[in-house]
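The next block is start.tsv, given as TSV, C-alpha atoms.
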```
chain	number	residue	atom	x	y	z
A	1	MET	CA	-11.57	-13.40	-18.81
A	2	ILE	CA	-7.99	-12.46	-19.80
A	3	ASP	CA	-5.22	-12.54	-17.20
A	4	GLU	CA	-3.29	-9.35	-17.96
A	5	ASN	CA	-0.34	-10.50	-15.83
A	6	THR	CA	0.35	-13.56	-17.96
A	7	SER	CA	-1.44	-12.68	-21.22
A	8	GLN	CA	-3.19	-16.05	-21.06
A	9	TYR	CA	-6.89	-16.65	-21.55
A	10	LYS	CA	-8.49	-18.01	-18.39
A	11	PRO	CA	-12.20	-18.71	-18.92
A	12	ASP	CA	-14.60	-18.08	-16.07
A	13	TYR	CA	-16.84	-20.80	-17.46
A	14	ALA	CA	-16.38	-24.40	-18.64
A	15	VAL	CA	-17.28	-25.37	-22.23
A	16	VAL	CA	-19.06	-28.74	-22.29
A	17	PRO	CA	-17.51	-30.89	-25.08
A	18	GLY	CA	-21.00	-32.08	-25.99
A	19	VAL	CA	-21.93	-28.55	-27.09
A	20	VAL	CA	-19.12	-28.63	-29.65
A	21	LEU	CA	-20.14	-32.13	-30.72
A	22	ALA	CA	-23.78	-31.09	-31.15
A	23	ASP	CA	-22.80	-28.08	-33.27
A	24	PHE	CA	-20.50	-30.25	-35.39
A	25	ILE	CA	-23.04	-32.96	-36.22
A	26	SER	CA	-25.69	-30.28	-36.81
A	27	SER	CA	-23.42	-28.68	-39.44
A	28	LEU	CA	-23.27	-32.08	-41.13
A	29	GLY	CA	-27.04	-32.50	-40.99
A	30	MET	CA	-26.60	-35.49	-38.70
A	31	SER	CA	-28.94	-36.37	-35.85
A	32	GLN	CA	-27.96	-37.85	-32.49
A	33	ALA	CA	-29.61	-41.10	-33.50
A	34	GLU	CA	-27.56	-41.28	-36.69
A	35	LEU	CA	-24.35	-40.54	-34.76
A	36	ALA	CA	-25.20	-43.37	-32.37
A	37	CYS	CA	-25.78	-45.71	-35.29
A	38	ARG	CA	-22.51	-44.74	-37.03
A	39	THR	CA	-20.34	-44.98	-33.86
A	40	GLY	CA	-22.02	-47.94	-32.22
A	41	LEU	CA	-22.68	-45.86	-29.10
A	42	ALA	CA	-26.00	-46.12	-27.33
A	43	LYS	CA	-28.42	-43.28	-28.09
A	44	LYS	CA	-28.54	-42.56	-24.33
A	45	THR	CA	-24.74	-42.28	-24.20
A	46	VAL	CA	-24.66	-39.82	-27.12
A	47	ASN	CA	-27.38	-37.74	-25.48
A	48	GLU	CA	-25.58	-37.72	-22.12
A	49	ILE	CA	-22.30	-36.64	-23.80
A	50	ILE	CA	-24.05	-33.75	-25.53
A	51	LYS	CA	-25.73	-32.69	-22.27
A	52	GLY	CA	-22.44	-32.95	-20.39
A	53	LYS	CA	-23.62	-35.79	-18.19
A	54	ALA	CA	-21.10	-38.29	-19.62
A	55	PRO	CA	-17.46	-37.74	-20.63
A	56	ILE	CA	-15.84	-38.31	-24.01
A	57	THR	CA	-13.61	-41.27	-23.25
A	58	PRO	CA	-10.45	-42.05	-25.30
A	59	GLU	CA	-12.34	-44.95	-26.86
A	60	THR	CA	-15.23	-42.68	-27.81
A	61	ALA	CA	-12.77	-40.11	-29.20
A	62	ILE	CA	-11.38	-42.72	-31.61
A	63	LYS	CA	-14.90	-43.63	-32.75
A	64	LEU	CA	-15.67	-39.95	-33.36
A	65	GLU	CA	-12.44	-39.61	-35.33
A	66	ARG	CA	-13.49	-42.41	-37.71
A	67	THR	CA	-17.05	-41.16	-37.96
A	68	LEU	CA	-16.64	-37.38	-38.16
A	69	GLY	CA	-13.12	-36.97	-39.52
A	70	ARG	CA	-11.84	-34.86	-36.61
A	71	PRO	CA	-8.75	-36.43	-34.94
A	72	ALA	CA	-9.14	-38.19	-31.60
A	73	HIS	CA	-6.83	-35.75	-29.86
A	74	PHE	CA	-9.27	-32.93	-30.74
A	75	TRP	CA	-12.05	-34.63	-28.78
A	76	ASN	CA	-9.72	-35.75	-26.02
A	77	ASN	CA	-8.41	-32.21	-25.61
A	78	LEU	CA	-11.96	-30.84	-25.42
A	79	GLU	CA	-12.73	-33.25	-22.60
A	80	ARG	CA	-9.44	-32.60	-20.82
A	81	GLN	CA	-9.90	-28.82	-21.01
A	82	PHE	CA	-13.49	-29.12	-19.81
A	83	GLN	CA	-12.52	-31.20	-16.79
A	84	GLU	CA	-9.63	-28.85	-15.97
A	85	ASP	CA	-11.81	-25.72	-16.28
A	86	LYS	CA	-14.55	-27.32	-14.19
A	87	ILE	CA	-12.15	-28.22	-11.39
A	88	ARG	CA	-10.51	-24.79	-11.59
A	89	LEU	CA	-13.90	-23.05	-11.24
A	90	GLU	CA	-14.81	-25.28	-8.31
A	91	GLU	CA	-11.46	-24.42	-6.72
A	92	GLN	CA	-12.04	-20.70	-7.33
A	93	ASN	CA	-15.39	-20.94	-5.57
A	94	ARG	CA	-13.80	-22.81	-2.69
A	95	LEU	CA	-10.99	-20.27	-2.35
A	96	SER	CA	-13.47	-17.41	-2.30
A	97	ASN	CA	-14.38	-18.61	1.18
A	98	HIS	CA	-10.80	-17.98	2.32
A	99	LEU	CA	-10.44	-14.30	1.45
A	100	SER	CA	-10.33	-13.42	5.15
A	101	TRP	CA	-7.11	-15.48	5.34
A	102	LEU	CA	-5.57	-13.32	2.63
A	103	LYS	CA	-6.15	-10.19	4.73
A	104	LYS	CA	-3.70	-11.48	7.35
A	105	PHE	CA	-0.75	-11.13	4.98
A	106	PRO	CA	1.21	-7.96	4.13
A	107	VAL	CA	0.12	-8.26	0.49
A	108	ASN	CA	0.73	-4.59	-0.34
A	109	GLU	CA	4.28	-4.75	1.02
A	110	MET	CA	4.95	-7.97	-0.86
A	111	ILE	CA	3.70	-6.33	-4.06
A	112	ALA	CA	5.76	-3.18	-3.43
A	113	ASN	CA	8.86	-5.34	-2.92
A	114	LYS	CA	8.02	-7.17	-6.18
A	115	TRP	CA	7.77	-10.52	-4.42
A	116	ILE	CA	4.34	-11.17	-5.96
A	117	ARG	CA	2.20	-9.77	-8.76
A	118	GLU	CA	-0.78	-7.54	-8.11
A	119	PHE	CA	-4.36	-8.46	-9.04
A	120	LYS	CA	-6.35	-5.32	-8.29
A	121	ASP	CA	-9.76	-6.47	-9.41
A	122	ASN	CA	-9.76	-10.13	-8.43
A	123	LYS	CA	-9.17	-11.10	-4.82
A	124	VAL	CA	-9.32	-14.82	-5.59
A	125	ASP	CA	-6.54	-14.44	-8.16
A	126	GLN	CA	-4.56	-12.48	-5.56
A	127	LEU	CA	-5.11	-15.34	-3.13
A	128	ASN	CA	-3.86	-17.78	-5.77
A	129	GLU	CA	-0.78	-15.62	-6.25
A	130	VAL	CA	0.01	-15.70	-2.52
A	131	LEU	CA	-0.46	-19.47	-2.41
A	132	SER	CA	1.88	-19.85	-5.39
A	133	PHE	CA	4.45	-17.65	-3.63
A	134	PHE	CA	4.39	-20.01	-0.65
A	135	GLY	CA	4.33	-23.09	-2.87
A	136	VAL	CA	1.22	-24.53	-1.22
A	137	ALA	CA	-2.13	-25.63	-2.61
A	138	SER	CA	-4.42	-24.04	-0.04
A	139	PRO	CA	-4.54	-22.02	3.19
A	140	GLU	CA	-4.78	-25.32	5.07
A	141	GLN	CA	-1.45	-26.44	3.58
A	142	TRP	CA	0.12	-23.07	4.46
A	143	LYS	CA	-0.81	-23.71	8.08
A	144	CYS	CA	0.66	-27.21	7.90
A	145	VAL	CA	3.99	-25.88	6.60
A	146	TRP	CA	4.10	-22.84	8.91
A	147	ASN	CA	3.50	-24.95	12.01
A	148	ASN	CA	6.96	-26.41	11.35
A	149	TYR	CA	8.39	-22.90	11.76
A	150	GLY	CA	6.16	-21.58	14.50
A	151	ALA	CA	7.67	-23.72	17.24
A	152	THR	CA	11.13	-22.28	16.64
A	153	PHE	CA	10.52	-18.88	18.20
A	154	ARG	CA	8.62	-17.29	21.06
A	155	GLN	CA	7.00	-13.94	20.50
A	156	SER	CA	7.45	-11.26	23.14
A	157	SER	CA	3.99	-9.86	22.36
A	158	GLN	CA	1.31	-11.39	20.19
A	159	GLY	CA	0.27	-7.92	19.02
A	160	GLU	CA	3.74	-6.95	17.80
A	161	HIS	CA	4.43	-9.90	15.54
A	162	SER	CA	2.53	-11.55	12.71
A	163	ALA	CA	3.14	-15.20	11.87
A	164	GLU	CA	1.89	-14.50	8.35
A	165	ALA	CA	4.36	-11.65	7.80
A	166	ILE	CA	7.23	-13.66	9.27
A	167	SER	CA	6.39	-16.61	7.04
A	168	ALA	CA	6.42	-14.33	3.97
A	169	TRP	CA	9.86	-13.02	4.93
A	170	ILE	CA	11.18	-16.55	5.48
A	171	ARG	CA	9.68	-17.79	2.21
A	172	LYS	CA	11.31	-15.00	0.21
A	173	GLY	CA	14.64	-15.99	1.72
A	174	GLU	CA	14.06	-19.61	0.73
A	175	ILE	CA	13.24	-18.63	-2.85
A	176	ASP	CA	16.35	-16.46	-3.17
A	177	ALA	CA	18.57	-19.09	-1.53
A	178	GLN	CA	17.45	-21.74	-4.00
A	179	GLU	CA	18.94	-19.61	-6.78
A	180	ILE	CA	22.41	-19.62	-5.19
A	181	LYS	CA	24.72	-22.39	-6.30
A	182	CYS	CA	26.78	-23.72	-3.41
A	183	GLN	CA	29.61	-26.17	-2.97
A	184	PRO	CA	28.97	-29.07	-0.55
A	185	PHE	CA	28.87	-27.80	3.02
A	186	SER	CA	32.05	-28.14	5.04
A	187	ARG	CA	31.91	-27.18	8.70
A	188	LYS	CA	35.70	-27.00	8.95
A	189	SER	CA	36.06	-24.91	5.81
A	190	PHE	CA	33.26	-22.58	6.92
A	191	LEU	CA	34.91	-22.09	10.31
A	192	ASP	CA	38.27	-21.46	8.61
A	193	SER	CA	36.64	-18.71	6.54
A	194	MET	CA	35.48	-16.74	9.60
A	195	ASN	CA	38.60	-14.58	9.80
A	196	LYS	CA	38.37	-13.69	6.11
A	197	ILE	CA	34.72	-12.77	6.55
A	198	ARG	CA	35.56	-10.79	9.68
A	199	GLN	CA	37.90	-8.61	7.62
A	200	LEU	CA	34.95	-7.60	5.45
A	201	THR	CA	33.56	-5.60	8.36
A	202	ASN	CA	36.05	-2.87	7.44
A	203	GLU	CA	34.53	-2.53	3.97
A	204	GLU	CA	31.85	0.16	4.08
A	205	LYS	CA	30.45	-0.31	0.56
A	206	PRO	CA	27.65	-2.91	0.63
A	207	PHE	CA	27.93	-3.87	-3.04
A	208	ILE	CA	31.52	-4.94	-2.34
A	209	PHE	CA	31.19	-6.79	0.97
A	210	ILE	CA	27.88	-8.43	0.01
A	211	ARG	CA	29.40	-9.82	-3.17
A	212	GLU	CA	32.47	-11.13	-1.36
A	213	LEU	CA	30.48	-12.44	1.61
A	214	THR	CA	28.09	-14.43	-0.58
A	215	GLN	CA	30.97	-15.82	-2.65
A	216	ILE	CA	32.96	-16.96	0.38
A	217	CYS	CA	29.94	-18.55	2.00
A	218	SER	CA	28.63	-20.28	-1.14
A	219	HIS	CA	32.09	-21.81	-1.64
A	220	ASN	CA	31.64	-23.39	1.80
A	221	GLY	CA	28.07	-24.59	1.26
A	222	VAL	CA	26.22	-21.64	2.81
A	223	ALA	CA	23.76	-19.43	0.92
A	224	VAL	CA	23.54	-15.89	2.31
A	225	VAL	CA	20.51	-13.81	1.30
A	226	PHE	CA	19.44	-10.30	2.23
A	227	VAL	CA	15.66	-9.90	2.55
A	228	PRO	CA	14.03	-6.53	3.37
A	229	PRO	CA	12.08	-6.67	6.64
A	230	LEU	CA	8.30	-6.47	6.66
A	231	LYS	CA	6.13	-4.71	9.20
A	232	ARG	CA	5.16	-6.76	12.25
A	233	THR	CA	8.03	-9.20	11.88
A	234	GLY	CA	10.79	-7.86	14.15
A	235	VAL	CA	13.12	-10.28	12.39
A	236	PHE	CA	16.89	-9.74	12.47
A	237	GLY	CA	17.91	-12.93	10.74
A	238	ALA	CA	17.20	-16.61	10.36
A	239	THR	CA	19.02	-19.87	9.79
A	240	ARG	CA	17.77	-23.07	8.22
A	241	TRP	CA	18.83	-25.85	5.89
A	242	ILE	CA	17.45	-26.58	2.44
A	243	GLY	CA	18.61	-30.10	1.73
A	244	ASP	CA	22.39	-30.07	2.28
A	245	LYS	CA	22.61	-26.30	1.80
A	246	ALA	CA	22.82	-24.06	4.86
A	247	VAL	CA	20.95	-20.77	4.54
A	248	ILE	CA	21.52	-17.49	6.38
A	249	MET	CA	18.85	-14.81	5.96
A	250	LEU	CA	19.56	-11.23	6.98
A	251	SER	CA	17.02	-8.40	7.22
A	252	LEU	CA	19.34	-5.45	7.97
A	253	ARG	CA	16.63	-4.44	10.41
A	254	TYR	CA	18.55	-1.73	12.28
A	255	LYS	CA	20.59	-0.72	9.24
A	256	THR	CA	23.95	-0.32	11.01
A	257	ASN	CA	27.10	-2.34	10.53
A	258	ASP	CA	27.33	-3.52	14.15
A	259	HIS	CA	23.86	-5.10	14.00
A	260	LEU	CA	24.43	-6.53	10.54
A	261	TRP	CA	27.69	-8.27	11.33
A	262	PHE	CA	26.63	-9.46	14.77
A	263	THR	CA	23.52	-11.01	13.19
A	264	PHE	CA	25.56	-12.71	10.48
A	265	PHE	CA	28.01	-14.29	12.94
A	266	HIS	CA	25.11	-15.19	15.25
A	267	GLU	CA	23.45	-17.11	12.40
A	268	ALA	CA	26.81	-18.65	11.48
A	269	GLY	CA	27.02	-19.86	15.07
A	270	HIS	CA	23.75	-21.73	14.64
A	271	ILE	CA	25.12	-23.43	11.53
A	272	VAL	CA	28.36	-24.66	13.08
A	273	LYS	CA	26.96	-25.53	16.51
A	274	HIS	CA	23.42	-26.80	15.96
A	275	GLY	CA	21.61	-29.46	13.96
A	276	LYS	CA	20.40	-29.40	10.38
A	277	SER	CA	16.83	-30.08	11.46
A	278	ASP	CA	16.69	-26.88	13.52
A	279	ILE	CA	15.19	-23.65	12.20
A	280	PHE	CA	16.20	-20.45	13.96
A	281	ILE	CA	14.26	-17.20	13.55
A	282	ASP	CA	15.80	-14.35	15.51
A	283	ILE	CA	13.21	-11.80	16.52
A	284	LYS	CA	13.27	-8.56	18.48
A	285	ASP	CA	12.76	-9.11	22.22
A	286	GLN	CA	12.82	-12.87	21.76
A	287	ASP	CA	13.42	-14.80	24.96
A	288	GLU	CA	16.92	-16.23	25.09
A	289	ASN	CA	17.46	-19.96	25.28
A	290	GLY	CA	20.55	-22.14	25.43
A	291	LYS	CA	21.11	-22.29	21.68
A	292	GLU	CA	20.59	-18.56	21.23
A	293	GLU	CA	23.12	-17.85	23.97
A	294	GLU	CA	25.60	-20.18	22.27
A	295	ALA	CA	25.11	-18.35	18.98
A	296	ASN	CA	25.54	-14.99	20.75
A	297	SER	CA	28.79	-16.13	22.34
A	298	PHE	CA	30.06	-17.40	19.00
A	299	ALA	CA	29.31	-14.04	17.35
A	300	GLN	CA	30.94	-12.03	20.14
A	301	ASN	CA	34.13	-14.10	20.15
A	302	GLN	CA	34.43	-14.15	16.36
A	303	LEU	CA	34.06	-10.38	16.10
A	304	ILE	CA	36.05	-9.38	19.19
A	305	PRO	CA	38.15	-12.08	20.89
A	306	GLN	CA	37.23	-12.22	24.56
A	307	ILE	CA	40.79	-11.90	25.89
A	308	GLU	CA	41.49	-8.75	23.89
A	309	PHE	CA	38.12	-7.27	24.79
A	310	ARG	CA	38.79	-7.79	28.52
A	311	GLN	CA	42.12	-6.05	28.16
A	312	PHE	CA	40.46	-3.13	26.40
A	313	ILE	CA	37.66	-2.61	28.94
A	314	GLY	CA	40.17	-2.92	31.77
A	315	SER	CA	41.15	0.72	31.31
A	316	GLY	CA	37.54	1.87	31.52
A	317	VAL	CA	38.24	4.52	28.88
A	318	TYR	CA	35.89	4.36	25.89
A	319	SER	CA	36.71	7.52	24.00
A	320	ARG	CA	36.38	7.80	20.25
A	321	GLU	CA	40.19	7.75	19.88
A	322	LYS	CA	40.59	4.68	22.11
A	323	ILE	CA	37.89	2.77	20.25
A	324	ILE	CA	39.43	3.55	16.86
A	325	GLU	CA	42.85	2.56	18.13
A	326	PHE	CA	41.53	-0.73	19.54
A	327	SER	CA	39.52	-1.55	16.42
A	328	ARG	CA	42.58	-1.04	14.22
A	329	LYS	CA	44.62	-3.25	16.50
A	330	ILE	CA	42.22	-6.18	16.19
A	331	GLY	CA	41.33	-5.45	12.55
A	332	ILE	CA	37.63	-4.74	12.84
A	333	ALA	CA	35.29	-1.81	12.16
A	334	PRO	CA	35.05	0.61	15.13
A	335	GLY	CA	31.26	0.66	14.96
A	336	ILE	CA	31.25	-3.01	15.96
A	337	VAL	CA	33.26	-2.18	19.07
A	338	VAL	CA	30.73	0.52	19.94
A	339	GLY	CA	27.89	-1.95	19.49
A	340	ARG	CA	29.56	-4.46	21.83
A	341	LEU	CA	30.07	-1.78	24.49
A	342	GLN	CA	26.43	-0.76	24.21
A	343	ARG	CA	25.14	-4.32	24.52
A	344	GLU	CA	27.12	-4.66	27.74
A	345	ASP	CA	25.80	-1.29	29.00
A	346	ARG	CA	29.26	0.25	29.08
A	347	VAL	CA	28.25	2.98	26.66
A	348	GLN	CA	24.83	4.63	26.30
A	349	TRP	CA	22.78	3.74	23.23
A	350	ASN	CA	22.31	7.42	22.38
A	351	SER	CA	26.02	8.12	22.69
A	352	THR	CA	27.82	10.34	20.17
A	353	LEU	CA	29.97	7.26	19.56
A	354	ASN	CA	27.17	6.07	17.28
A	355	LYS	CA	28.81	8.23	14.63
A	356	LEU	CA	31.44	5.51	14.37
A	357	LYS	CA	28.81	3.14	13.03
A	358	VAL	CA	28.16	2.76	9.32
A	359	HIS	CA	24.51	3.14	8.28
A	360	TYR	CA	22.84	1.40	5.34
A	361	LYS	CA	19.51	1.65	3.58
A	362	TRP	CA	17.60	-0.66	1.27
A	363	ALA	CA	17.50	0.18	-2.43
A	364	ILE	CA	14.37	-1.44	-3.89
```
Mind converting the file's structure to structure tokens?
Amino acid sequence: MIDENTSQYKPDYAVVPGVVLADFISSLGMSQAELACRTGLAKKTVNEIIKGKAPITPETAIKLERTLGRPAHFWNNLERQFQEDKIRLEEQNRLSNHLSWLKKFPVNEMIANKWIREFKDNKVDQLNEVLSFFGVASPEQWKCVWNNYGATFRQSSQGEHSAEAISAWIRKGEIDAQEIKCQPFSRKSFLDSMNKIRQLTNEEKPFIFIRELTQICSHNGVAVVFVPPLKRTGVFGATRWIGDKAVIMLSLRYKTNDHLWFTFFHEAGHIVKHGKSDIFIDIKDQDENGKEEEANSFAQNQLIPQIEFRQFIGSGVYSREKIIEFSRKIGIAPGIVVGRLQREDRVQWNSTLNKLKVHYKWAI
């Protein structure tokens, strides 16, 4: 069997070293009894090696080197490869009993997003690819790792969300975050950078504000990654720590600037207000708790200071002109003001004011 994805030969059988040994002594016109006599090995031992019932030990390999002229590492490598192939085949057979587990994952989406390679004709190899993506040895170990995440969110409906899809989204964020080099985390420095980041909301071109956002954050010990959402996740964003590096993951789920920037500052709130051991996964219709409310308040106040917002809503006039005027005054994108008004039910969600929002789309 040839793995076309790696151009490496992966046998679907294990070659017993004794078969090679038997062929070699046969070519020399040597019997098993003569080999036993020349090496000092028992006839039974030689026979068991040839039948694959006994291994070629390092000591035996040296004796074969002296007797047959083939170096010890040749025989040692035969034995090592045999043992590895045998274990691999046993593992393949074991994994074949877990193919139903593979069906729970959005494999086609992960392939389309180029997160994993595709193995069309071998489901066990596809299962191995998914396990490698997650960095776990088996489905049991996936469950062990995912249980650490599962307690961090409550699902509004079991039918709407998939733990497997959410875990794939989180894992992709972890992989991308590990590639980002960050300075040591500084809570004070990160907080001081909030105003500079806030100014980026006025930049409509993603390739500009994403570059600057990731640079500012990495300088303060925070890795920011954008990960396309998967079906049945409902994920807006997530926050966790990888060692001493803080990680913010953003899905751009609703593809508008008000949702994007609110989610970023919400996740930033988790970083500056909550512990390193906490993992936060923000999901659609998730029940609020104390820490989520704290993160929401942080995001609201960072984007639109509460005092200035109260002054603005005091007039009760939310026209397009007034919103643009107010947003310019406080130095923020008008679409974010619209989003805040909608969250507080001061403006309808289907309002024509939505035209003030900037819309994005994923380019994959």
Have a look at A:Phe133, A:Gln302, A:Asp258, A:Leu356 and name the one nearest to Glu321 of chain A; count all atoms listed in the file. A:Leu356
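Of the residues under consideration (A:Asp282, A:Glu204, A:Asp192, A:Glu292), A:Glu292 shows the shortest atom-to-atom contact distance to Gly269 of chain A when counting only C-alpha atoms.
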State, in Å with one decimal place, the distance from atom CA of Phe309 of chain A to atom CA of Glu293 of chain A. 18.4 Å
Residue nearest Lys104 of chain A among A:Ser167, A:Ile313, A:Lys120, A:Lys63 (counting only C-alpha atoms): A:Ser167
Quick one: residues within 7 Å of Arg232 of chain A, only C-alpha atoms counted, chain neighbours fewer than 6 positions away excluded, as number ranges by chain? A: 160-162, 165
Length of the atom CA of Asn76 of chain A to atom CA of Val19 of chain A vector [Å]: 14.2 Å
Using all atoms of segment 16-21 of chain A that appear in the file, construct an axis-aligned enclosing box with 4 Å of padding on every side and provide its centre coordinates and edge lengths in Å, rounded to one decimal, as lines of an AutoDock Vina configuration file.
```
center_x = -19.7
center_y = -30.3
center_z = -26.5
size_x = 12.4
size_y = 11.6
size_z = 16.4
```
Find the residues around Phe265 of chain A up to 10 Å (only C-alpha atoms counted), leave out those fewer than 3 positions away in its own chain, and share them as a VMD selection string. chain A and resid 194 197 to 198 248 260 to 262 268 to 271 295 to 303
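The gap separating atom CA of Glu267 of chain A from atom CA of Ala112 of chain A is 27.5 Å, in Å to one decimal.
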Ranking A:Thr263, A:Thr39, A:Asn220, A:Asn202 by minimum distance to Ser186 of chain A and counting all atoms listed in the file, which one comes first? A:Asn220
So that I can see what lies close to Lys103 of chain A, please list as a short mmCIF file (atom, residue, chain, number, x, y, z; two decimals) with C-alpha atoms, in the coordinates of the input the residues with an atom at most 12 Å from it, counting only C-alpha atoms and leaving out residues fewer than 2 positions away in the same chain.
```cif
data_model
loop_
_atom_site.label_atom_id
_atom_site.label_comp_id
_atom_site.auth_asym_id
_atom_site.auth_seq_id
_atom_site.Cartn_x
_atom_site.Cartn_y
_atom_site.Cartn_z
CA HIS A 98 -10.80 -17.98 2.32
CA LEU A 99 -10.44 -14.30 1.45
CA SER A 100 -10.33 -13.42 5.15
CA TRP A 101 -7.11 -15.48 5.34
CA PHE A 105 -0.75 -11.13 4.98
CA PRO A 106 1.21 -7.96 4.13
CA VAL A 107 0.12 -8.26 0.49
CA ASN A 108 0.73 -4.59 -0.34
CA LYS A 123 -9.17 -11.10 -4.82
CA VAL A 124 -9.32 -14.82 -5.59
CA GLN A 126 -4.56 -12.48 -5.56
CA LEU A 127 -5.11 -15.34 -3.13
CA VAL A 130 0.01 -15.70 -2.52
CA SER A 162 2.53 -11.55 12.71
CA GLU A 164 1.89 -14.50 8.35
CA ALA A 165 4.36 -11.65 7.80
#
```
Expected answer as a list in words: all residues with atoms within 10 Å of (13.2, -11.4, 12.4), only C-alpha atoms: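 Protein, DNA and RNA residues close to (13.2, -11.4, 12.4): Phe153, His161, Ala165, Ile166, Trp169, Ile170, Pro229, Leu230, Arg232, Thr233, Gly234, Val235, Phe236, Gly237, Ala238, Met249, Leu250, Ser251, Leu252, Arg253, Phe280, Ile281, Asp282, Ile283, Lys284 and Gln286 of chain A.
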Proximity to Lys51 of chain A - best of A:Gln141, A:Gln348, A:Gln32, A:Asn257, all atoms listed in the file: A:Gln32
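The smallest atom-to-atom distance between His259 of chain A and any of A:Val338, A:Val247, A:Ala223, A:Cys144, using all atoms listed in the file, is found for A:Val338.
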